[in-house]
Amino acid sequence: MARTETWTRVWDGLRAVAAALALAAIIAQLVRTVGISVASKTEYGHHVGTVVANFFSFFTIESNLAAAVTLLIGAIWAWTKGRDAAVEPRWFAILLVCVSTYMIVTGIVYNTLLRGIQLSVGATVPWSNEVLHVVIPLFLLADVLFAPRRRALPWSTAWIIVIYPIVWAVYTLVRAPLVVSPATGKPYWYPYPFLDPHQSGGYLAVAAYIVGIAIAIVGVGLLVIWAGRFRVVRGRRMASEAHSAGAVDS
């Protein structure tokens, strides 16, 4: 088996492992979260439906879930229809560039804005937290840089990338004032402190954070698209040089 083919098979396996790890981390944290809700002595904390809905309203959880499903789809495609394919299908390339952007931004935001925030003791599964905020973002970054079968996408793909974050931000800001916080009983619930207008700075600070994160998403998205285009162009150049060298030798 050629070195390139070996690397392709290895990476397909790594994608499946990363998907399984992300799903295991999500399930572990969900079980812990629901367990805390069931054991809660307050009416608002005991409302499991709200707790579960809140859990799946985190950008981190949704992005990791989307990444896991995408990576698993990619592995299955590679093991079936894509066994002899030289490049990934366009639909999968778009999915991959989206989840890669979201996960890389998740890693950046968590490790710059949220890592130092103190949480209730026992509320977070430590290994799950690291997997979802560090391991999977780093794997998606590695996927952007090293995964085989890369397809070059047009710059206009950036418009597709921003659809989900916009929808998520609108959903979050509309829903938050309508939900009682299971942890505190406050008449609102925001998934992240920097989105809470009741904090210092109010809505002006929230708007500044949203703009900053939006810029980060667009910027990272464009870099992910550029990386794919660069790798494809470099691969074609190397193949052309190798062909020319072979023609000269013959």
# chains A, B, ... in the order shown; residues from 1 in each chain; ligands from 1
call {"tool": "residues_around", "arguments": {"residues": "Glu88 in chain A", "least_positions_apart": "2", "cutoff": "9 Å", "atoms": "only C-alpha atoms", "output": "PDB file with N, CA and C atoms, in the first residue's frame"}}
result
ATOM      1  N   GLY A  74     -17.928  11.439   7.231  1.00  0.00           N
ATOM      2  CA  GLY A  74     -16.739  11.408   6.385  1.00  0.00           C
ATOM      3  C   GLY A  74     -16.050  10.058   6.415  1.00  0.00           C
ATOM      4  N   ALA A  78     -15.745   7.463   3.296  1.00  0.00           N
ATOM      5  CA  ALA A  78     -14.423   7.016   2.870  1.00  0.00           C
ATOM      6  C   ALA A  78     -14.323   5.496   2.816  1.00  0.00           C
ATOM      7  N   GLY A  82     -16.335   6.327  -1.101  1.00  0.00           N
ATOM      8  CA  GLY A  82     -15.136   7.131  -1.337  1.00  0.00           C
ATOM      9  C   GLY A  82     -13.821   6.378  -1.323  1.00  0.00           C
ATOM     10  N   ALA A  85     -11.882   7.491  -4.245  1.00  0.00           N
ATOM     11  CA  ALA A  85     -12.017   8.898  -4.624  1.00  0.00           C
ATOM     12  C   ALA A  85     -10.718   9.653  -4.365  1.00  0.00           C
ATOM     13  N   ALA A  86     -10.405  10.560  -5.271  1.00  0.00           N
ATOM     14  CA  ALA A  86      -9.194  11.369  -5.116  1.00  0.00           C
ATOM     15  C   ALA A  86      -9.472  12.638  -4.319  1.00  0.00           C
ATOM     16  N   ARG A  90     -18.234  17.738  -2.722  1.00  0.00           N
ATOM     17  CA  ARG A  90     -18.426  19.153  -2.397  1.00  0.00           C
ATOM     18  C   ARG A  90     -19.290  19.328  -1.150  1.00  0.00           C
ATOM     19  N   TRP A  91     -20.379  18.570  -1.035  1.00  0.00           N
ATOM     20  CA  TRP A  91     -21.276  18.714   0.114  1.00  0.00           C
ATOM     21  C   TRP A  91     -20.545  18.429   1.418  1.00  0.00           C
ATOM     22  N   PHE A  92     -19.659  17.420   1.386  1.00  0.00           N
ATOM     23  CA  PHE A  92     -18.920  17.089   2.593  1.00  0.00           C
ATOM     24  C   PHE A  92     -17.853  18.144   2.877  1.00  0.00           C
ATOM     25  N   ALA A  93     -17.234  18.662   1.840  1.00  0.00           N
ATOM     26  CA  ALA A  93     -16.219  19.708   2.019  1.00  0.00           C
ATOM     27  C   ALA A  93     -16.828  20.942   2.675  1.00  0.00           C
ATOM     28  N   PRO A 148      -6.304  14.164   4.039  1.00  0.00           N
ATOM     29  CA  PRO A 148      -6.213  13.921   2.596  1.00  0.00           C
ATOM     30  C   PRO A 148      -7.527  14.223   1.882  1.00  0.00           C
ATOM     31  N   ARG A 149      -7.491  14.154   0.582  1.00  0.00           N
ATOM     32  CA  ARG A 149      -8.660  14.349  -0.287  1.00  0.00           C
ATOM     33  C   ARG A 149      -9.250  15.755  -0.189  1.00  0.00           C
ATOM     34  N   ARG A 150      -8.462  16.737   0.173  1.00  0.00           N
ATOM     35  CA  ARG A 150      -8.980  18.086   0.360  1.00  0.00           C
ATOM     36  C   ARG A 150      -9.508  18.667  -0.948  1.00  0.00           C
ATOM     37  N   ARG A 151     -10.649  19.324  -0.876  1.00  0.00           N
ATOM     38  CA  ARG A 151     -11.255  19.997  -2.033  1.00  0.00           C
ATOM     39  C   ARG A 151     -11.151  21.505  -1.845  1.00  0.00           C
TER      40      ARG A 151
END
call {"tool": "residues_around", "arguments": {"residues": "Ala28 in chain A", "least_positions_apart": "5", "cutoff": "9 Å", "atoms": "only C-alpha atoms", "output": "PyMOL selection string"}}
result
chain A and resi 23+33+125+128
call {"tool": "closest_residue", "arguments": {"among": "A:Thr124, A:Thr6, A:Asn54, A:Thr101", "to": "Tyr192 in chain A", "atoms": "only C-alpha atoms"}}
result
A:Asn54
call {"tool": "closest_residue", "arguments": {"among": "A:Val135, A:Ala176, A:Leu140, A:Leu113", "to": "Phe194 in chain A", "atoms": "only C-alpha atoms"}}
result
A:Leu113
call {"tool": "residues_around", "arguments": {"residues": "Ala152 in chain A", "least_positions_apart": "4", "cutoff": "8 Å", "atoms": "only C-alpha atoms", "output": "list in words"}}
result
Ile225, Gly228, Arg229, Phe230 and Val232 of chain A
call {"tool": "write_last_selection", "arguments": {"atoms": "C-alpha atoms", "output": "tab-separated table (two decimals), in the first residue's frame"}}
result
chain	number	residue	atom	x	y	z
A	225	ILE	CA	-11.09	28.04	3.09
A	228	GLY	CA	-7.94	24.08	1.58
A	229	ARG	CA	-7.32	26.08	-1.59
A	230	PHE	CA	-3.60	26.40	-0.82
A	232	VAL	CA	-4.96	21.79	-3.45
call {"tool": "closest_residue", "arguments": {"among": "A:Gly116, A:Gly107, A:Pro165, A:Pro89", "to": "Val131 in chain A", "atoms": "only C-alpha atoms"}}
result
A:Gly107
call {"tool": "select_by_dssp", "arguments": {"residues": "range 4-232 of chain A", "states": "helix (DSSP H, G or I)", "output": "PDB file with C-alpha atoms, in the first residue's frame"}}
result
ATOM      1  CA  THR A   4      -0.428   8.317   0.516  1.00  0.00           C
ATOM      2  CA  GLU A   5      -3.060   5.584   0.595  1.00  0.00           C
ATOM      3  CA  THR A   6      -1.891   4.467   4.022  1.00  0.00           C
ATOM      4  CA  TRP A   7      -2.150   8.013   5.363  1.00  0.00           C
ATOM      5  CA  THR A   8      -5.651   8.322   3.902  1.00  0.00           C
ATOM      6  CA  ARG A   9      -6.834   5.155   5.661  1.00  0.00           C
ATOM      7  CA  VAL A  10      -5.213   6.227   8.919  1.00  0.00           C
ATOM      8  CA  TRP A  11      -6.900   9.624   8.818  1.00  0.00           C
ATOM      9  CA  ASP A  12     -10.288   8.078   8.066  1.00  0.00           C
ATOM     10  CA  GLY A  13      -9.852   5.995  11.219  1.00  0.00           C
ATOM     11  CA  LEU A  14      -8.775   9.023  13.251  1.00  0.00           C
ATOM     12  CA  ARG A  15     -11.912  10.868  12.162  1.00  0.00           C
ATOM     13  CA  ALA A  16     -14.059   7.999  13.427  1.00  0.00           C
ATOM     14  CA  VAL A  17     -12.168   7.916  16.743  1.00  0.00           C
ATOM     15  CA  ALA A  18     -12.514  11.698  17.172  1.00  0.00           C
ATOM     16  CA  ALA A  19     -16.255  11.466  16.445  1.00  0.00           C
ATOM     17  CA  ALA A  20     -16.692   8.707  19.039  1.00  0.00           C
ATOM     18  CA  LEU A  21     -14.676  10.677  21.600  1.00  0.00           C
ATOM     19  CA  ALA A  22     -16.751  13.828  21.072  1.00  0.00           C
ATOM     20  CA  LEU A  23     -20.021  11.902  21.386  1.00  0.00           C
ATOM     21  CA  ALA A  24     -18.781  10.160  24.543  1.00  0.00           C
ATOM     22  CA  ALA A  25     -17.835  13.534  26.049  1.00  0.00           C
ATOM     23  CA  ILE A  26     -21.238  15.038  25.208  1.00  0.00           C
ATOM     24  CA  ILE A  27     -23.082  12.052  26.686  1.00  0.00           C
ATOM     25  CA  ALA A  28     -20.947  12.079  29.845  1.00  0.00           C
ATOM     26  CA  GLN A  29     -21.636  15.764  30.471  1.00  0.00           C
ATOM     27  CA  LEU A  30     -25.341  15.359  29.658  1.00  0.00           C
ATOM     28  CA  VAL A  31     -25.665  12.502  32.161  1.00  0.00           C
ATOM     29  CA  ARG A  32     -23.941  14.609  34.840  1.00  0.00           C
ATOM     30  CA  THR A  33     -26.144  17.632  34.075  1.00  0.00           C
ATOM     31  CA  VAL A  34     -29.396  15.657  34.140  1.00  0.00           C
ATOM     32  CA  GLY A  35     -28.302  13.926  37.338  1.00  0.00           C
ATOM     33  CA  ILE A  36     -27.817  17.274  39.048  1.00  0.00           C
ATOM     34  CA  SER A  37     -31.252  18.379  37.872  1.00  0.00           C
ATOM     35  CA  VAL A  38     -32.946  15.221  39.146  1.00  0.00           C
ATOM     36  CA  ALA A  39     -31.287  15.658  42.542  1.00  0.00           C
ATOM     37  CA  VAL A  48     -35.284  18.371  33.565  1.00  0.00           C
ATOM     38  CA  GLY A  49     -36.834  19.483  30.261  1.00  0.00           C
ATOM     39  CA  THR A  50     -35.458  22.992  30.643  1.00  0.00           C
ATOM     40  CA  VAL A  51     -32.082  21.672  31.755  1.00  0.00           C
ATOM     41  CA  VAL A  52     -31.790  19.431  28.692  1.00  0.00           C
ATOM     42  CA  ALA A  53     -32.931  22.228  26.374  1.00  0.00           C
ATOM     43  CA  ASN A  54     -30.329  24.532  27.951  1.00  0.00           C
ATOM     44  CA  PHE A  55     -27.653  21.874  27.541  1.00  0.00           C
ATOM     45  CA  PHE A  59     -22.660  26.667  21.049  1.00  0.00           C
ATOM     46  CA  THR A  60     -19.970  24.267  22.259  1.00  0.00           C
ATOM     47  CA  ILE A  61     -22.336  21.313  22.513  1.00  0.00           C
ATOM     48  CA  GLU A  62     -24.031  21.998  19.182  1.00  0.00           C
ATOM     49  CA  SER A  63     -20.705  22.527  17.404  1.00  0.00           C
ATOM     50  CA  ASN A  64     -19.172  19.370  18.854  1.00  0.00           C
ATOM     51  CA  LEU A  65     -22.259  17.379  17.961  1.00  0.00           C
ATOM     52  CA  ALA A  66     -22.171  18.726  14.397  1.00  0.00           C
ATOM     53  CA  ALA A  67     -18.438  18.002  14.206  1.00  0.00           C
ATOM     54  CA  ALA A  68     -18.894  14.434  15.462  1.00  0.00           C
ATOM     55  CA  VAL A  69     -21.658  13.705  12.960  1.00  0.00           C
ATOM     56  CA  THR A  70     -19.661  15.267  10.110  1.00  0.00           C
ATOM     57  CA  LEU A  71     -16.489  13.326  10.953  1.00  0.00           C
ATOM     58  CA  LEU A  72     -18.456  10.093  11.239  1.00  0.00           C
ATOM     59  CA  ILE A  73     -20.163  10.739   7.902  1.00  0.00           C
ATOM     60  CA  GLY A  74     -16.739  11.408   6.385  1.00  0.00           C
ATOM     61  CA  ALA A  75     -15.327   8.159   7.715  1.00  0.00           C
ATOM     62  CA  ILE A  76     -18.307   6.124   6.504  1.00  0.00           C
ATOM     63  CA  TRP A  77     -18.153   7.765   3.077  1.00  0.00           C
ATOM     64  CA  ALA A  78     -14.423   7.016   2.870  1.00  0.00           C
ATOM     65  CA  TRP A  79     -14.960   3.357   3.773  1.00  0.00           C
ATOM     66  CA  ARG A  90     -18.426  19.153  -2.397  1.00  0.00           C
ATOM     67  CA  TRP A  91     -21.276  18.714   0.114  1.00  0.00           C
ATOM     68  CA  PHE A  92     -18.920  17.089   2.593  1.00  0.00           C
ATOM     69  CA  ALA A  93     -16.219  19.708   2.019  1.00  0.00           C
ATOM     70  CA  ILE A  94     -18.738  22.438   2.887  1.00  0.00           C
ATOM     71  CA  LEU A  95     -19.857  20.613   6.038  1.00  0.00           C
ATOM     72  CA  LEU A  96     -16.249  20.107   7.042  1.00  0.00           C
ATOM     73  CA  VAL A  97     -15.212  23.722   6.526  1.00  0.00           C
ATOM     74  CA  CYS A  98     -18.199  24.843   8.619  1.00  0.00           C
ATOM     75  CA  VAL A  99     -17.628  22.548  11.597  1.00  0.00           C
ATOM     76  CA  SER A 100     -13.874  23.158  11.449  1.00  0.00           C
ATOM     77  CA  THR A 101     -14.490  26.893  11.737  1.00  0.00           C
ATOM     78  CA  TYR A 102     -16.955  26.503  14.609  1.00  0.00           C
ATOM     79  CA  MET A 103     -14.694  24.162  16.563  1.00  0.00           C
ATOM     80  CA  ILE A 104     -11.561  26.266  16.110  1.00  0.00           C
ATOM     81  CA  VAL A 105     -13.479  29.365  17.259  1.00  0.00           C
ATOM     82  CA  THR A 106     -14.898  27.352  20.190  1.00  0.00           C
ATOM     83  CA  GLY A 107     -11.368  26.503  21.278  1.00  0.00           C
ATOM     84  CA  ILE A 108     -10.217  30.100  20.948  1.00  0.00           C
ATOM     85  CA  VAL A 109     -13.195  31.612  22.799  1.00  0.00           C
ATOM     86  CA  TYR A 110     -13.134  29.085  25.624  1.00  0.00           C
ATOM     87  CA  ASN A 111      -9.418  29.317  26.273  1.00  0.00           C
ATOM     88  CA  THR A 112      -9.361  33.129  26.098  1.00  0.00           C
ATOM     89  CA  LEU A 113     -12.675  34.120  27.709  1.00  0.00           C
ATOM     90  CA  LEU A 114     -14.111  31.219  29.681  1.00  0.00           C
ATOM     91  CA  PRO A 126     -13.319  17.488  33.697  1.00  0.00           C
ATOM     92  CA  TRP A 127     -12.176  15.130  30.933  1.00  0.00           C
ATOM     93  CA  SER A 128     -15.313  15.857  28.902  1.00  0.00           C
ATOM     94  CA  ASN A 129     -14.722  19.588  29.247  1.00  0.00           C
ATOM     95  CA  GLU A 130     -11.178  19.276  27.894  1.00  0.00           C
ATOM     96  CA  VAL A 131     -12.257  17.036  25.016  1.00  0.00           C
ATOM     97  CA  LEU A 132     -15.010  19.413  23.898  1.00  0.00           C
ATOM     98  CA  HIS A 133     -12.996  22.634  24.295  1.00  0.00           C
ATOM     99  CA  VAL A 134      -9.449  21.535  23.476  1.00  0.00           C
ATOM    100  CA  VAL A 135      -9.042  18.070  21.946  1.00  0.00           C
ATOM    101  CA  ILE A 136     -11.732  18.229  19.261  1.00  0.00           C
ATOM    102  CA  PRO A 137     -10.891  21.839  18.251  1.00  0.00           C
ATOM    103  CA  LEU A 138      -7.243  20.809  17.878  1.00  0.00           C
ATOM    104  CA  PHE A 139      -8.218  17.733  15.867  1.00  0.00           C
ATOM    105  CA  LEU A 140     -10.338  19.833  13.492  1.00  0.00           C
ATOM    106  CA  LEU A 141      -7.404  22.224  13.102  1.00  0.00           C
ATOM    107  CA  ALA A 142      -5.181  19.251  12.276  1.00  0.00           C
ATOM    108  CA  ASP A 143      -7.850  18.048   9.832  1.00  0.00           C
ATOM    109  CA  VAL A 144      -7.708  21.380   8.031  1.00  0.00           C
ATOM    110  CA  LEU A 145      -3.920  21.161   7.753  1.00  0.00           C
ATOM    111  CA  PHE A 146      -3.283  17.471   7.115  1.00  0.00           C
ATOM    112  CA  THR A 157     -18.491  29.529   1.080  1.00  0.00           C
ATOM    113  CA  ALA A 158     -17.875  31.997   3.916  1.00  0.00           C
ATOM    114  CA  TRP A 159     -21.518  33.097   3.568  1.00  0.00           C
ATOM    115  CA  ILE A 160     -22.609  29.525   4.324  1.00  0.00           C
ATOM    116  CA  ILE A 161     -20.314  29.368   7.355  1.00  0.00           C
ATOM    117  CA  ILE A 163     -25.525  31.160   8.726  1.00  0.00           C
ATOM    118  CA  TYR A 164     -25.506  28.920  11.788  1.00  0.00           C
ATOM    119  CA  PRO A 165     -23.764  31.388  14.175  1.00  0.00           C
ATOM    120  CA  ILE A 166     -26.245  34.106  13.217  1.00  0.00           C
ATOM    121  CA  VAL A 167     -29.224  31.810  13.798  1.00  0.00           C
ATOM    122  CA  TRP A 168     -27.730  30.620  17.096  1.00  0.00           C
ATOM    123  CA  ALA A 169     -27.120  34.179  18.357  1.00  0.00           C
ATOM    124  CA  VAL A 170     -30.682  35.280  17.503  1.00  0.00           C
ATOM    125  CA  TYR A 171     -32.145  32.139  19.080  1.00  0.00           C
ATOM    126  CA  THR A 172     -30.074  32.633  22.237  1.00  0.00           C
ATOM    127  CA  LEU A 173     -30.915  36.295  22.760  1.00  0.00           C
ATOM    128  CA  VAL A 174     -34.633  35.731  22.093  1.00  0.00           C
ATOM    129  CA  ARG A 175     -34.921  32.616  24.265  1.00  0.00           C
ATOM    130  CA  ALA A 176     -32.750  33.705  27.213  1.00  0.00           C
ATOM    131  CA  PRO A 177     -35.229  36.160  28.844  1.00  0.00           C
ATOM    132  CA  LEU A 178     -37.978  33.524  28.615  1.00  0.00           C
ATOM    133  CA  PRO A 193     -21.575  35.204  30.751  1.00  0.00           C
ATOM    134  CA  PHE A 194     -20.457  37.491  27.933  1.00  0.00           C
ATOM    135  CA  LEU A 195     -23.954  37.267  26.404  1.00  0.00           C
ATOM    136  CA  GLY A 202     -25.052  45.724  29.633  1.00  0.00           C
ATOM    137  CA  TYR A 203     -26.153  45.300  26.054  1.00  0.00           C
ATOM    138  CA  LEU A 204     -23.248  47.427  24.797  1.00  0.00           C
ATOM    139  CA  ALA A 205     -20.758  44.894  26.145  1.00  0.00           C
ATOM    140  CA  VAL A 206     -22.838  42.020  24.731  1.00  0.00           C
ATOM    141  CA  ALA A 207     -22.882  43.698  21.323  1.00  0.00           C
ATOM    142  CA  ALA A 208     -19.117  44.195  21.450  1.00  0.00           C
ATOM    143  CA  TYR A 209     -18.549  40.514  22.248  1.00  0.00           C
ATOM    144  CA  ILE A 210     -20.915  39.404  19.484  1.00  0.00           C
ATOM    145  CA  VAL A 211     -19.182  41.620  16.936  1.00  0.00           C
ATOM    146  CA  GLY A 212     -15.781  40.364  18.070  1.00  0.00           C
ATOM    147  CA  ILE A 213     -16.799  36.723  17.841  1.00  0.00           C
ATOM    148  CA  ALA A 214     -18.478  37.339  14.472  1.00  0.00           C
ATOM    149  CA  ILE A 215     -15.221  38.785  13.156  1.00  0.00           C
ATOM    150  CA  ALA A 216     -13.371  35.769  14.553  1.00  0.00           C
ATOM    151  CA  ILE A 217     -15.777  33.344  12.852  1.00  0.00           C
ATOM    152  CA  VAL A 218     -15.479  35.086   9.489  1.00  0.00           C
ATOM    153  CA  GLY A 219     -11.714  35.384   9.834  1.00  0.00           C
ATOM    154  CA  VAL A 220     -11.211  31.759  10.851  1.00  0.00           C
ATOM    155  CA  GLY A 221     -13.641  30.634   8.159  1.00  0.00           C
ATOM    156  CA  LEU A 222     -11.686  32.461   5.477  1.00  0.00           C
ATOM    157  CA  LEU A 223      -8.430  30.972   6.785  1.00  0.00           C
ATOM    158  CA  VAL A 224      -9.927  27.468   6.677  1.00  0.00           C
ATOM    159  CA  ILE A 225     -11.086  28.043   3.090  1.00  0.00           C
ATOM    160  CA  TRP A 226      -7.667  29.458   2.180  1.00  0.00           C
ATOM    161  CA  ALA A 227      -5.895  26.455   3.714  1.00  0.00           C
ATOM    162  CA  GLY A 228      -7.942  24.082   1.577  1.00  0.00           C
ATOM    163  CA  ARG A 229      -7.316  26.080  -1.594  1.00  0.00           C
ATOM    164  CA  PHE A 230      -3.603  26.400  -0.816  1.00  0.00           C
ATOM    165  CA  ARG A 231      -3.201  22.674  -0.191  1.00  0.00           C
ATOM    166  CA  VAL A 232      -4.961  21.790  -3.451  1.00  0.00           C
TER     167      VAL A 232
END
call {"tool": "decode", "arguments": {"residues": "range 214-237 of chain A", "atoms": "N, CA and C atoms", "output": "PDB file, in the first residue's frame"}}
result
ATOM      1  N   ALA A 214     -18.087  37.411  15.885  1.00  0.00           N
ATOM      2  CA  ALA A 214     -18.478  37.339  14.472  1.00  0.00           C
ATOM      3  C   ALA A 214     -17.272  37.553  13.571  1.00  0.00           C
ATOM      4  N   ILE A 215     -16.439  38.529  13.927  1.00  0.00           N
ATOM      5  CA  ILE A 215     -15.221  38.785  13.156  1.00  0.00           C
ATOM      6  C   ILE A 215     -14.301  37.569  13.213  1.00  0.00           C
ATOM      7  N   ALA A 216     -14.217  36.957  14.400  1.00  0.00           N
ATOM      8  CA  ALA A 216     -13.371  35.769  14.553  1.00  0.00           C
ATOM      9  C   ALA A 216     -13.880  34.626  13.686  1.00  0.00           C
ATOM     10  N   ILE A 217     -15.205  34.426  13.656  1.00  0.00           N
ATOM     11  CA  ILE A 217     -15.777  33.344  12.852  1.00  0.00           C
ATOM     12  C   ILE A 217     -15.510  33.571  11.371  1.00  0.00           C
ATOM     13  N   VAL A 218     -15.740  34.790  10.905  1.00  0.00           N
ATOM     14  CA  VAL A 218     -15.479  35.086   9.489  1.00  0.00           C
ATOM     15  C   VAL A 218     -13.994  34.933   9.178  1.00  0.00           C
ATOM     16  N   GLY A 219     -13.153  35.467  10.067  1.00  0.00           N
ATOM     17  CA  GLY A 219     -11.714  35.384   9.834  1.00  0.00           C
ATOM     18  C   GLY A 219     -11.216  33.953   9.813  1.00  0.00           C
ATOM     19  N   VAL A 220     -11.629  33.163  10.812  1.00  0.00           N
ATOM     20  CA  VAL A 220     -11.211  31.759  10.851  1.00  0.00           C
ATOM     21  C   VAL A 220     -11.780  31.001   9.658  1.00  0.00           C
ATOM     22  N   GLY A 221     -13.030  31.287   9.311  1.00  0.00           N
ATOM     23  CA  GLY A 221     -13.641  30.634   8.159  1.00  0.00           C
ATOM     24  C   GLY A 221     -12.867  30.888   6.877  1.00  0.00           C
ATOM     25  N   LEU A 222     -12.467  32.124   6.674  1.00  0.00           N
ATOM     26  CA  LEU A 222     -11.686  32.461   5.477  1.00  0.00           C
ATOM     27  C   LEU A 222     -10.320  31.773   5.498  1.00  0.00           C
ATOM     28  N   LEU A 223      -9.723  31.663   6.678  1.00  0.00           N
ATOM     29  CA  LEU A 223      -8.430  30.972   6.785  1.00  0.00           C
ATOM     30  C   LEU A 223      -8.590  29.479   6.485  1.00  0.00           C
ATOM     31  N   VAL A 224      -9.684  28.883   6.948  1.00  0.00           N
ATOM     32  CA  VAL A 224      -9.927  27.468   6.677  1.00  0.00           C
ATOM     33  C   VAL A 224     -10.124  27.248   5.175  1.00  0.00           C
ATOM     34  N   ILE A 225     -10.898  28.137   4.544  1.00  0.00           N
ATOM     35  CA  ILE A 225     -11.086  28.043   3.090  1.00  0.00           C
ATOM     36  C   ILE A 225      -9.758  28.219   2.374  1.00  0.00           C
ATOM     37  N   TRP A 226      -8.971  29.211   2.802  1.00  0.00           N
ATOM     38  CA  TRP A 226      -7.667  29.458   2.180  1.00  0.00           C
ATOM     39  C   TRP A 226      -6.750  28.247   2.315  1.00  0.00           C
ATOM     40  N   ALA A 227      -6.756  27.617   3.492  1.00  0.00           N
ATOM     41  CA  ALA A 227      -5.895  26.455   3.714  1.00  0.00           C
ATOM     42  C   ALA A 227      -6.239  25.338   2.734  1.00  0.00           C
ATOM     43  N   GLY A 228      -7.532  25.114   2.523  1.00  0.00           N
ATOM     44  CA  GLY A 228      -7.942  24.082   1.577  1.00  0.00           C
ATOM     45  C   GLY A 228      -7.513  24.417   0.159  1.00  0.00           C
ATOM     46  N   ARG A 229      -7.701  25.659  -0.246  1.00  0.00           N
ATOM     47  CA  ARG A 229      -7.316  26.080  -1.594  1.00  0.00           C
ATOM     48  C   ARG A 229      -5.802  25.995  -1.773  1.00  0.00           C
ATOM     49  N   PHE A 230      -5.065  26.436  -0.752  1.00  0.00           N
ATOM     50  CA  PHE A 230      -3.603  26.400  -0.816  1.00  0.00           C
ATOM     51  C   PHE A 230      -3.090  24.971  -0.948  1.00  0.00           C
ATOM     52  N   ARG A 231      -3.655  24.059  -0.158  1.00  0.00           N
ATOM     53  CA  ARG A 231      -3.201  22.674  -0.191  1.00  0.00           C
ATOM     54  C   ARG A 231      -3.482  22.027  -1.543  1.00  0.00           C
ATOM     55  N   VAL A 232      -4.634  22.350  -2.136  1.00  0.00           N
ATOM     56  CA  VAL A 232      -4.961  21.790  -3.451  1.00  0.00           C
ATOM     57  C   VAL A 232      -3.999  22.308  -4.513  1.00  0.00           C
ATOM     58  N   VAL A 233      -3.748  23.621  -4.496  1.00  0.00           N
ATOM     59  CA  VAL A 233      -2.820  24.219  -5.481  1.00  0.00           C
ATOM     60  C   VAL A 233      -1.421  23.643  -5.304  1.00  0.00           C
ATOM     61  N   ARG A 234      -0.967  23.525  -4.057  1.00  0.00           N
ATOM     62  CA  ARG A 234       0.359  22.969  -3.802  1.00  0.00           C
ATOM     63  C   ARG A 234       0.445  21.517  -4.260  1.00  0.00           C
ATOM     64  N   GLY A 235      -0.631  20.759  -4.016  1.00  0.00           N
ATOM     65  CA  GLY A 235      -0.643  19.365  -4.446  1.00  0.00           C
ATOM     66  C   GLY A 235      -0.554  19.238  -5.953  1.00  0.00           C
ATOM     67  N   ARG A 236      -1.259  20.092  -6.671  1.00  0.00           N
ATOM     68  CA  ARG A 236      -1.205  20.061  -8.133  1.00  0.00           C
ATOM     69  C   ARG A 236       0.174  20.458  -8.632  1.00  0.00           C
ATOM     70  N   ARG A 237       0.786  21.453  -7.957  1.00  0.00           N
ATOM     71  CA  ARG A 237       2.119  21.889  -8.366  1.00  0.00           C
ATOM     72  C   ARG A 237       3.139  20.769  -8.156  1.00  0.00           C
TER      73      ARG A 237
END
